[in-house]
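Report on one structure; see the data block that follows.
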Amino acid sequence: MESETTRTEAFSDGVFAIAITLLILEVKVPRHMPEGKLWQALLEQWPSYLAFLTSFFTIGVMWINHHRLFTLIRRCDDALLFINLMLLLGVTWIPFPTALLAEYVGHPGAWIGAVVYSGSFFVIAIIFQVLWRYSTGRGRLLGDDYDRDMVGWITRQYTPGPFAYLATLIVGIFSATACLILNMLLAVFFALPPSIMRRK
């Protein structure tokens, strides 16, 4: 059974908004610091700031891309609803690995936090691929007047996603900080308009 995508988009927007807001709860206010120690305590929380910013921009970019997809996806069926629900499950999970990695950067076990963190984005990247490939297969859920070039650009931009996040996972085994920085760079890459893939 097919229906318009409006309710799917509205529900998804709400989930993205809640998940991105929850991230800030893991940035803690230092409590009752001695005189002159507050600045030091704030600076020592740099892993929390970096993890917050990386996850904020990554979730934000996922929302941007979700919006881009649904400008082309005009119909909805049960399979798309389920795939989209799995994507939202991944999005709501992100505050936990963000807090985990922020807590352990610079401490023993940081690599585990980095693997969980990048592993989460790896899974989400796969789900994004499945959602897009299912929707575009034979133009299944696209509008009748969809832009074929845009579909091609988005497909080319998304294809390396799972491999790139797998690479950050491997890097995280050796350096949690490098893992966070690479995830931030990937957020920048996936924020680029798909049309940048076009060759004149």
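Following the order of the structure tokens, chains are lettered A, B, ..., residues in each are numbered from 1, and ligands are numbered from 1.
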
Open item on the list: For range 111-118 of chain A, find every residue with an atom within 9 Å (counting only C-alpha atoms), except residues of its own chain fewer than 3 positions away, and show them as a VMD selection string.
Closed with: chain A and resid 94 96 to 105 108 121 to 123 165 to 177 179 to 180 183

Convert the current residue selection to file output with N, CA and C atoms, as a short mmCIF file (atom, residue, chain, number, x, y, z; two decimals), in the first residue's frame.
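File produced: part_9.cif:
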```cif
data_model
loop_
_atom_site.label_atom_id
_atom_site.label_comp_id
_atom_site.auth_asym_id
_atom_site.auth_seq_id
_atom_site.Cartn_x
_atom_site.Cartn_y
_atom_site.Cartn_z
N ILE A 94 22.79 7.34 18.60
CA ILE A 94 24.04 8.09 18.52
C ILE A 94 24.44 8.80 19.82
N PHE A 96 24.44 7.79 22.78
CA PHE A 96 25.17 6.87 23.67
C PHE A 96 26.63 6.68 23.26
N PRO A 97 26.94 6.30 22.00
CA PRO A 97 28.36 6.18 21.66
C PRO A 97 29.10 7.50 21.73
N THR A 98 28.38 8.61 21.53
CA THR A 98 29.02 9.92 21.69
C THR A 98 29.49 10.12 23.13
N ALA A 99 28.61 9.82 24.09
CA ALA A 99 28.96 9.94 25.50
C ALA A 99 30.06 8.96 25.88
N LEU A 100 29.98 7.75 25.34
CA LEU A 100 30.98 6.71 25.64
C LEU A 100 32.37 7.15 25.18
N LEU A 101 32.45 7.63 23.95
CA LEU A 101 33.75 8.03 23.42
C LEU A 101 34.29 9.26 24.14
N ALA A 102 33.41 10.24 24.41
CA ALA A 102 33.84 11.43 25.12
C ALA A 102 34.40 11.09 26.51
N GLU A 103 33.81 10.11 27.15
CA GLU A 103 34.24 9.71 28.49
C GLU A 103 35.61 9.03 28.49
N TYR A 104 35.92 8.30 27.42
CA TYR A 104 37.13 7.47 27.43
C TYR A 104 38.29 7.99 26.60
N VAL A 105 38.09 9.05 25.80
CA VAL A 105 39.22 9.61 25.05
C VAL A 105 40.32 10.01 26.04
N PRO A 108 42.40 4.53 29.24
CA PRO A 108 42.37 3.14 28.79
C PRO A 108 40.97 2.74 28.32
N PHE A 121 28.08 4.61 13.02
CA PHE A 121 27.92 5.35 11.77
C PHE A 121 28.09 4.42 10.55
N PHE A 122 28.89 3.40 10.70
CA PHE A 122 29.05 2.40 9.63
C PHE A 122 27.71 1.72 9.35
N VAL A 123 27.02 1.31 10.41
CA VAL A 123 25.72 0.66 10.25
C VAL A 123 24.70 1.62 9.65
N TYR A 165 33.42 4.87 6.65
CA TYR A 165 33.19 4.72 8.10
C TYR A 165 33.87 3.47 8.65
N LEU A 166 34.00 2.45 7.82
CA LEU A 166 34.76 1.27 8.24
C LEU A 166 36.22 1.65 8.45
N ALA A 167 36.74 2.52 7.58
CA ALA A 167 38.13 2.99 7.73
C ALA A 167 38.30 3.77 9.03
N THR A 168 37.31 4.62 9.39
CA THR A 168 37.43 5.37 10.65
C THR A 168 37.38 4.43 11.84
N LEU A 169 36.63 3.34 11.71
CA LEU A 169 36.57 2.34 12.77
C LEU A 169 37.95 1.72 13.00
N ILE A 170 38.63 1.39 11.90
CA ILE A 170 39.97 0.79 12.00
C ILE A 170 40.95 1.79 12.61
N VAL A 171 40.86 3.06 12.17
CA VAL A 171 41.72 4.10 12.73
C VAL A 171 41.46 4.26 14.22
N GLY A 172 40.20 4.13 14.64
CA GLY A 172 39.83 4.28 16.03
C GLY A 172 40.49 3.28 16.95
N ILE A 173 40.86 2.13 16.42
CA ILE A 173 41.57 1.13 17.22
C ILE A 173 42.90 1.67 17.71
N PHE A 174 43.49 2.57 16.92
CA PHE A 174 44.81 3.11 17.24
C PHE A 174 44.76 4.51 17.84
N SER A 175 43.73 5.31 17.47
CA SER A 175 43.63 6.67 17.98
C SER A 175 42.18 7.13 17.99
N ALA A 176 41.63 7.29 19.18
CA ALA A 176 40.24 7.75 19.30
C ALA A 176 40.09 9.18 18.81
N THR A 177 41.11 10.02 19.07
CA THR A 177 41.04 11.42 18.64
C THR A 177 41.03 11.51 17.12
N CYS A 179 40.02 9.28 15.11
CA CYS A 179 38.72 8.74 14.70
C CYS A 179 37.67 9.84 14.69
N LEU A 180 37.64 10.66 15.75
CA LEU A 180 36.68 11.76 15.83
C LEU A 180 36.91 12.78 14.72
N ASN A 183 35.73 11.43 11.40
CA ASN A 183 34.27 11.45 11.32
C ASN A 183 33.76 12.86 11.03
#
```

Open item on the list: Write out as an MDAnalysis selection string the set of residues from range 156-199 of chain A that DSSP, computed on the backbone, places in helix (DSSP H, G or I).
Closed with: chainID A and resid 156:158 161:174 176:191 194:197

Open item on the list: My list of candidates is A:Arg74, A:Leu192, A:His107, A:Phe11. Which is closest to Trp153 in chain A when distances are computed with only C-alpha atoms?
Closed with: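 With only C-alpha atoms as the atom set, the closest residue is A:Leu192.
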
Open item on the list: Show me, as JSON, numbers by chain, the residues that have an atom within 9 Å of Gly90 in chain A when counting only C-alpha atoms, minus same-chain residues fewer than 3 positions from it.
Closed with: {"A": [85, 86, 87, 93, 94, 120, 121, 123, 124, 127]}

Residue selection dump (C-alpha atoms) as a JSON list (two decimals), in the first residue's frame:
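File out01.json, as written:
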```
[["chain", "number", "residue", "atom", "x", "y", "z"],
["A", 85, "LEU", "CA", 12.46, 3.19, 10.98],
["A", 86, "MET", "CA", 15.76, 1.29, 11.16],
["A", 87, "LEU", "CA", 17.56, 4.47, 10.12],
["A", 93, "TRP", "CA", 21.34, 5.50, 19.35],
["A", 94, "ILE", "CA", 24.04, 8.09, 18.52],
["A", 120, "SER", "CA", 27.39, 3.00, 14.71],
["A", 121, "PHE", "CA", 27.92, 5.35, 11.77],
["A", 123, "VAL", "CA", 25.72, 0.66, 10.25],
["A", 124, "ILE", "CA", 23.76, 3.86, 9.60],
["A", 127, "ILE", "CA", 20.97, 1.59, 6.11]]
```

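Taking CA of Arg31 in chain A and CA of Trp46 in chain A as the two end points, the separation is 16.4 Å.
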
Task: All strand (DSSP E or B) residues (DSSP, backbone) inside range 1-193 of chain A, as a ChimeraX atom specification - done: /A:3,73,76,142

May I have the selected residues written with N, CA and C atoms, as a PDB file, in the first residue's frame?
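See out-v2.pdb below for the written result:
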```
ATOM      1  N   SER A   3       1.464   5.499  -0.055  1.00  0.00           N
ATOM      2  CA  SER A   3       0.886   6.727   0.466  1.00  0.00           C
ATOM      3  C   SER A   3       1.889   7.844   0.249  1.00  0.00           C
ATOM      4  N   ILE A  73      12.060  11.070  -3.458  1.00  0.00           N
ATOM      5  CA  ILE A  73      11.154   9.966  -3.117  1.00  0.00           C
ATOM      6  C   ILE A  73       9.759  10.549  -2.912  1.00  0.00           C
ATOM      7  N   CYS A  76       5.543   6.049  -0.806  1.00  0.00           N
ATOM      8  CA  CYS A  76       5.971   5.328   0.385  1.00  0.00           C
ATOM      9  C   CYS A  76       5.259   3.983   0.430  1.00  0.00           C
ATOM     10  N   LEU A 142      10.184   6.859  -6.775  1.00  0.00           N
ATOM     11  CA  LEU A 142      10.492   8.219  -7.187  1.00  0.00           C
ATOM     12  C   LEU A 142       9.298   8.847  -7.902  1.00  0.00           C
TER      13      LEU A 142
END
```
